[in-house]
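Enquirer: Input file: data33.txt. Contents: compact mmCIF, C-alpha atoms.
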# COMPACT_ATOMS: atom_id res chain seq x y z
CA MET A 1 -0.63 -13.13 -17.14
CA THR A 2 1.17 -11.27 -19.89
CA THR A 3 -0.11 -8.37 -22.00
CA SER A 4 0.74 -7.06 -25.46
CA VAL A 5 2.94 -4.41 -23.82
CA ASN A 6 6.55 -5.45 -23.36
CA GLY A 7 7.16 -6.75 -19.82
CA VAL A 8 3.79 -5.62 -18.39
CA THR A 9 2.13 -8.46 -16.45
CA LEU A 10 -1.10 -8.91 -14.47
CA HIS A 11 -1.11 -10.64 -11.10
CA ARG A 12 -3.94 -12.11 -9.03
CA LEU A 13 -3.53 -11.08 -5.38
CA ASP A 14 -4.69 -12.98 -2.30
CA LEU A 15 -8.25 -12.20 -1.27
CA SER A 16 -10.00 -13.55 1.78
CA GLU A 17 -13.60 -12.56 2.30
CA GLU A 18 -15.53 -13.45 5.41
CA GLY A 19 -18.29 -12.05 7.57
CA ARG A 20 -15.78 -9.84 9.36
CA GLY A 21 -14.70 -7.98 6.21
CA THR A 22 -12.33 -8.52 3.32
CA LEU A 23 -8.54 -8.78 3.37
CA THR A 24 -6.49 -8.44 0.17
CA ALA A 25 -2.76 -9.10 0.37
CA VAL A 26 0.23 -8.60 -1.88
CA GLU A 27 3.72 -9.90 -1.14
CA VAL A 28 7.12 -8.76 -2.35
CA ASP A 29 8.80 -11.50 -4.42
CA ARG A 30 5.59 -13.52 -4.70
CA HIS A 31 3.57 -10.82 -6.53
CA ILE A 32 5.76 -7.70 -6.66
CA PRO A 33 9.07 -8.50 -8.38
CA PHE A 34 11.18 -5.78 -6.70
CA PRO A 35 11.95 -4.39 -3.24
CA VAL A 36 9.37 -1.68 -2.45
CA ARG A 37 10.91 1.64 -1.45
CA ARG A 38 7.88 3.89 -1.89
CA MET A 39 4.11 3.54 -1.99
CA PHE A 40 1.75 6.27 -3.04
CA MET A 41 -1.98 6.47 -3.41
CA VAL A 42 -3.98 8.68 -5.75
CA TYR A 43 -7.62 9.60 -5.13
CA GLY A 44 -10.11 12.44 -5.52
CA VAL A 45 -9.30 12.70 -9.21
CA PRO A 46 -11.97 14.73 -11.06
CA ALA A 47 -13.87 12.99 -13.88
CA GLY A 48 -12.16 13.53 -17.22
CA GLU A 49 -8.75 14.15 -15.67
CA VAL A 50 -5.74 12.20 -16.99
CA ARG A 51 -2.88 11.39 -14.64
CA GLY A 52 0.50 9.81 -15.19
CA ALA A 53 1.55 10.56 -18.77
CA HIS A 54 5.19 9.73 -18.20
CA ALA A 55 7.67 6.89 -18.22
CA HIS A 56 10.51 6.10 -15.81
CA HIS A 57 14.11 5.43 -16.72
CA ARG A 58 14.68 3.17 -13.77
CA CYS A 59 11.66 2.95 -11.45
CA ARG A 60 9.56 -0.23 -11.53
CA GLN A 61 5.94 0.01 -10.41
CA PHE A 62 3.09 -2.24 -9.34
CA LEU A 63 -0.44 -0.79 -9.47
CA VAL A 64 -3.52 -1.90 -7.57
CA CYS A 65 -6.93 -0.20 -7.73
CA ALA A 66 -8.03 -0.63 -4.11
CA ARG A 67 -11.44 0.94 -4.63
CA GLY A 68 -13.53 2.09 -7.57
CA SER A 69 -12.10 1.85 -11.05
CA VAL A 70 -9.49 3.43 -13.28
CA THR A 71 -8.35 2.76 -16.84
CA LEU A 72 -4.62 2.34 -17.41
CA VAL A 73 -3.08 3.10 -20.78
CA LEU A 74 0.28 1.35 -21.13
CA ASP A 75 2.61 1.81 -24.03
CA ASP A 76 6.06 0.36 -24.78
CA GLY A 77 6.68 2.66 -27.76
CA THR A 78 5.29 0.08 -30.20
CA SER A 79 2.27 -1.60 -28.54
CA ARG A 80 -0.39 0.26 -26.59
CA GLU A 81 -2.97 -1.45 -24.38
CA GLU A 82 -5.81 -0.30 -22.14
CA ILE A 83 -6.44 -2.16 -18.90
CA VAL A 84 -9.53 -1.45 -16.80
CA LEU A 85 -8.67 -1.94 -13.14
CA ASP A 86 -11.91 -2.37 -11.21
CA ARG A 87 -11.17 -4.94 -8.52
CA PRO A 88 -8.73 -4.83 -5.60
CA ASP A 89 -7.22 -8.27 -6.13
CA ILE A 90 -5.47 -7.52 -9.43
CA GLY A 91 -2.01 -5.95 -9.66
CA VAL A 92 -0.26 -4.65 -12.75
CA TYR A 93 3.52 -4.77 -12.99
CA MET A 94 5.16 -2.04 -15.08
CA PRO A 95 8.86 -2.37 -15.81
CA PRO A 96 10.92 0.77 -16.50
CA MET A 97 10.56 2.50 -19.86
CA ILE A 98 6.83 1.94 -20.20
CA TRP A 99 4.66 4.99 -20.84
CA GLY A 100 1.71 5.03 -18.44
CA GLU A 101 -1.45 7.11 -18.26
CA GLN A 102 -4.47 6.78 -15.98
CA HIS A 103 -7.87 7.74 -17.34
CA LYS A 104 -11.49 7.53 -16.17
CA TYR A 105 -11.00 7.52 -12.43
CA SER A 106 -14.36 6.77 -10.84
CA ALA A 107 -15.40 9.26 -8.14
CA ASP A 108 -14.50 6.76 -5.39
CA ALA A 109 -11.32 5.42 -7.03
CA LEU A 110 -8.20 4.85 -4.94
CA LEU A 111 -5.14 3.77 -6.88
CA LEU A 112 -2.17 2.31 -4.98
CA VAL A 113 1.25 2.36 -6.59
CA PHE A 114 4.23 0.44 -5.22
CA ALA A 115 7.55 1.72 -6.54
CA SER A 116 11.07 0.34 -6.54
CA GLU A 117 12.66 3.75 -5.89
CA HIS A 118 12.26 6.79 -3.71
CA TYR A 119 10.93 9.86 -5.50
CA ASP A 120 13.43 11.22 -8.02
CA ALA A 121 12.34 14.01 -10.39
CA ASN A 122 15.19 13.08 -12.77
CA ASP A 123 13.78 9.60 -13.36
CA TYR A 124 10.73 10.91 -15.27
CA ILE A 125 10.33 11.18 -19.04
CA ARG A 126 7.36 13.48 -19.54
CA ASP A 127 7.47 13.90 -23.31
CA HIS A 128 6.03 11.04 -25.37
CA ALA A 129 8.17 11.69 -28.47
CA GLU A 130 11.27 11.73 -26.29
CA PHE A 131 10.13 8.46 -24.68
CA VAL A 132 9.66 6.79 -28.08
CA SER A 133 13.09 7.86 -29.30
CA ALA A 134 14.69 6.77 -26.00
CA VAL A 135 13.03 3.32 -26.31
CA ARG A 136 14.27 2.92 -29.88
CA ARG A 137 17.86 3.87 -29.03
CA MET B 1 5.63 11.51 17.38
CA THR B 2 5.73 9.03 20.24
CA THR B 3 2.80 7.52 22.14
CA SER B 4 2.40 6.05 25.62
CA VAL B 5 2.75 2.56 24.11
CA ASN B 6 6.31 1.27 24.01
CA GLY B 7 7.89 1.86 20.58
CA VAL B 8 4.65 2.88 18.82
CA THR B 9 5.17 6.07 16.82
CA LEU B 10 3.03 8.28 14.56
CA HIS B 11 4.34 9.59 11.25
CA ARG B 12 3.12 12.37 8.98
CA LEU B 13 3.18 11.20 5.35
CA ASP B 14 3.63 13.32 2.24
CA LEU B 15 0.41 14.75 0.87
CA SER B 16 0.09 16.77 -2.28
CA GLU B 17 -3.34 18.08 -3.16
CA GLU B 18 -4.06 19.82 -6.41
CA GLY B 19 -6.92 20.27 -8.87
CA ARG B 20 -6.04 16.94 -10.49
CA GLY B 21 -6.55 14.92 -7.30
CA THR B 22 -4.59 14.04 -4.18
CA LEU B 23 -1.39 12.02 -3.88
CA THR B 24 -0.24 10.64 -0.52
CA ALA B 25 3.16 8.98 -0.35
CA VAL B 26 5.06 6.89 2.15
CA GLU B 27 8.70 5.86 1.79
CA VAL B 28 10.65 2.98 3.26
CA ASP B 29 13.44 4.27 5.55
CA ARG B 30 12.01 7.80 5.59
CA HIS B 31 8.61 6.84 7.15
CA ILE B 32 8.55 3.04 7.40
CA PRO B 33 11.53 1.79 9.44
CA PHE B 34 11.76 -1.68 7.89
CA PRO B 35 11.89 -3.36 4.47
CA VAL B 36 8.30 -4.06 3.36
CA ARG B 37 7.70 -7.69 2.40
CA ARG B 38 3.89 -7.72 2.49
CA MET B 39 1.05 -5.23 2.26
CA PHE B 40 -2.56 -6.00 3.00
CA MET B 41 -5.72 -3.98 3.03
CA VAL B 42 -8.82 -4.51 5.10
CA TYR B 43 -12.25 -3.14 4.11
CA GLY B 44 -15.94 -3.96 4.18
CA VAL B 45 -15.79 -4.54 7.92
CA PRO B 46 -19.31 -4.56 9.44
CA ALA B 47 -20.05 -1.95 12.13
CA GLY B 48 -19.30 -3.28 15.60
CA GLU B 49 -16.79 -5.84 14.35
CA VAL B 50 -13.36 -5.98 16.01
CA ARG B 51 -10.36 -7.08 13.95
CA GLY B 52 -6.75 -7.77 14.87
CA ALA B 53 -6.69 -8.87 18.51
CA HIS B 54 -3.23 -10.36 18.30
CA ALA B 55 0.44 -9.53 18.64
CA HIS B 56 3.40 -10.63 16.53
CA HIS B 57 6.62 -12.18 17.79
CA ARG B 58 8.65 -10.77 14.95
CA CYS B 59 6.58 -8.88 12.40
CA ARG B 60 6.76 -5.08 12.37
CA GLN B 61 3.82 -3.18 10.91
CA PHE B 62 2.95 0.29 9.64
CA LEU B 63 -0.76 1.19 9.41
CA VAL B 64 -2.42 3.83 7.26
CA CYS B 65 -6.16 4.47 7.06
CA ALA B 66 -6.46 5.35 3.36
CA ARG B 67 -10.19 6.10 3.52
CA GLY B 68 -12.81 6.50 6.23
CA SER B 69 -11.82 5.94 9.82
CA VAL B 70 -10.86 3.20 12.23
CA THR B 71 -9.89 3.18 15.90
CA LEU B 72 -6.70 1.34 16.82
CA VAL B 73 -6.22 -0.07 20.30
CA LEU B 74 -2.53 -0.61 21.02
CA ASP B 75 -1.18 -2.27 24.10
CA ASP B 76 2.37 -3.10 25.21
CA GLY B 77 1.26 -5.23 28.17
CA THR B 78 1.41 -2.24 30.54
CA SER B 79 0.13 0.82 28.66
CA ARG B 80 -2.92 0.82 26.42
CA GLU B 81 -3.79 3.65 24.02
CA GLU B 82 -6.54 4.33 21.49
CA ILE B 83 -5.65 6.09 18.27
CA VAL B 84 -8.36 7.27 15.88
CA LEU B 85 -7.04 7.06 12.33
CA ASP B 86 -9.22 9.26 10.13
CA ARG B 87 -6.86 10.80 7.60
CA PRO B 88 -4.70 9.20 4.92
CA ASP B 89 -1.52 11.12 5.69
CA ILE B 90 -0.85 9.58 9.11
CA GLY B 91 0.99 6.31 9.60
CA VAL B 92 1.34 4.31 12.81
CA TYR B 93 4.43 2.20 13.40
CA MET B 94 3.96 -0.93 15.55
CA PRO B 95 7.07 -2.81 16.63
CA PRO B 96 6.82 -6.55 17.41
CA MET B 97 5.19 -7.64 20.69
CA ILE B 98 2.48 -4.98 20.68
CA TRP B 99 -1.11 -6.14 21.03
CA GLY B 100 -3.28 -4.51 18.35
CA GLU B 101 -7.02 -4.35 17.82
CA GLN B 102 -9.05 -2.37 15.30
CA HIS B 103 -12.47 -1.12 16.31
CA LYS B 104 -15.14 1.14 14.81
CA TYR B 105 -14.41 0.74 11.13
CA SER B 106 -16.53 3.29 9.25
CA ALA B 107 -18.56 1.79 6.40
CA ASP B 108 -16.14 3.20 3.81
CA ALA B 109 -12.94 2.48 5.79
CA LEU B 110 -9.90 1.06 4.01
CA LEU B 111 -6.98 0.18 6.26
CA LEU B 112 -3.56 -0.44 4.68
CA VAL B 113 -0.98 -2.43 6.61
CA PHE B 114 2.65 -2.68 5.58
CA ALA B 115 4.45 -5.63 7.15
CA SER B 116 8.11 -6.58 7.52
CA GLU B 117 7.44 -10.29 6.91
CA HIS B 118 5.53 -12.58 4.62
CA TYR B 119 2.49 -14.21 6.18
CA ASP B 120 3.46 -16.71 8.88
CA ALA B 121 0.73 -18.25 11.06
CA ASN B 122 3.34 -19.12 13.72
CA ASP B 123 4.20 -15.46 14.28
CA TYR B 124 0.81 -14.65 15.85
CA ILE B 125 -0.03 -14.51 19.57
CA ARG B 126 -3.81 -14.63 19.72
CA ASP B 127 -4.32 -14.92 23.47
CA HIS B 128 -3.99 -11.70 25.48
CA ALA B 129 -2.93 -13.39 28.74
CA GLU B 130 -0.25 -15.31 26.86
CA PHE B 131 0.88 -12.04 25.26
CA VAL B 132 1.17 -10.33 28.64
CA SER B 133 3.19 -13.15 30.14
CA ALA B 134 5.44 -13.30 27.05
CA VAL B 135 6.09 -9.54 27.32
CA ARG B 136 6.99 -9.84 30.99
CA ARG B 137 9.39 -12.74 30.43
Could you show the structure in this file as structure tokens?
Expert:
Amino acid sequence: MTTSVNGVTLHRLDLSEEGRGTLTAVEVDRHIPFPVRRMFMVYGVPAGEVRGAHAHHRCRQFLVCARGSVTLVLDDGTSREEIVLDRPDIGVYMPPMIWGEQHKYSADALLLVFASEHYDANDYIRDHAEFVSAVRR
Amino acid sequence: MTTSVNGVTLHRLDLSEEGRGTLTAVEVDRHIPFPVRRMFMVYGVPAGEVRGAHAHHRCRQFLVCARGSVTLVLDDGTSREEIVLDRPDIGVYMPPMIWGEQHKYSADALLLVFASEHYDANDYIRDHAEFVSAVRR
């Protein structure tokens, strides 16, 4: 499913629920369109806190809210969209050069992020004006 | 860190805790010794339920308990060890041909499993006696 933000897409993951618990699965190539080199999870975020607030030159990401809820703000320099992630079987693909923020973490929220690159401090654009001018170049 | 079970190793993940929440990261090559092709998460497992109870011919796995706690039983056909996973910055590597069970899921437990292969029903050995004889062949 596409969004109004350039290249950002939503993906329904596999979910199998039975008496013995629930299993949610995501596969590289089938859901995640890049080789995964890093996964991180974010949790224990105080109410009112905003995380993210950067773009990546190169890194592609795929976000899943495994528990609780979080609001993503995604911005391609022209269009801006909010996506409420509140179920574990939805994934959001973010190509490079998309500004991302995460707002309104619920107390129990656990956000998983799959990334196409190892951590690289030089890949971050942390200034929104700089991001917008980089996008327009 | 090694265990008494053949090829099973424990890995300390990156954890960064600050006022804005906690971030735990795991990297392919640095922590996970295989390309990740699938990730699944298991949660909502009723108390007393046992999950897993199989081995894989080929699939390698890396397990992280992102929330709550779960007890892994790992078995190479000769040695059997229990590992209590109760913190999100520990990962357990399981090579192929290791029998794995998960016991004692806490009510809030969320187990993440990174796998080297897409789902393949033919890769499972679901009978313990068959597993033991396959290991000894």
Enquirer: Dump as a PyMOL selection string the residues of chain B that approach chain A to within 6 Å, counting only C-alpha atoms.
Expert: chain B and resi 20-28+37-45
Enquirer: So that I can check the surroundings of Asn6 in chain B, please list as an MDAnalysis selection string every protein, DNA and RNA residue that reaches within 10 Å of it, counting all atoms listed in the file and ignoring chain neighbours fewer than 4 positions away.
Expert: chainID B and resid 2 74:80 94:95 97:98
Enquirer: What is the distance, in Å and to one decimal place, between CA of Phe131 in chain B and CA of Trp99 in chain B?
Expert: 7.5 Å
Enquirer: Counting all atoms listed in the file, which of A:Leu85, A:Ile90, A:Val73, A:Ala55 gets nearest to His11 in chain A?
Expert: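 Ranking A:Leu85, A:Ile90, A:Val73, A:Ala55 by distance to His11 in chain A, first place goes to A:Ile90.
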Enquirer: Can you tell me how far CA of Glu81 in chain B sits from CA of Thr3 in chain B, in Å to one decimal?
Expert: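 Distance between the two atoms: 7.9 Å.
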Enquirer: Measure the distance from CA of Ala109 in chain A to CA of Leu63 in chain B in Å and round it to one decimal.
Expert: 20.0 Å
Enquirer: Where's the centre, and what are the edge lengths in Å to one decimal, of a box along x, y and z enclosing all listed atoms of range 115-132 of chain A padded 3 Å per side, as JSON?
Expert:
{"center_x": 10.6, "center_y": 7.2, "center_z": -16.1, "size_x": 15.2, "size_y": 19.7, "size_z": 30.8}
Enquirer: Between A:Cys65, A:Ile125, A:Lys104, A:His54, single out the one closest to Asp89 in chain A, counting all atoms listed in the file.
Expert: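 Ranking A:Cys65, A:Ile125, A:Lys104, A:His54 by distance to Asp89 in chain A, first place goes to A:Cys65.
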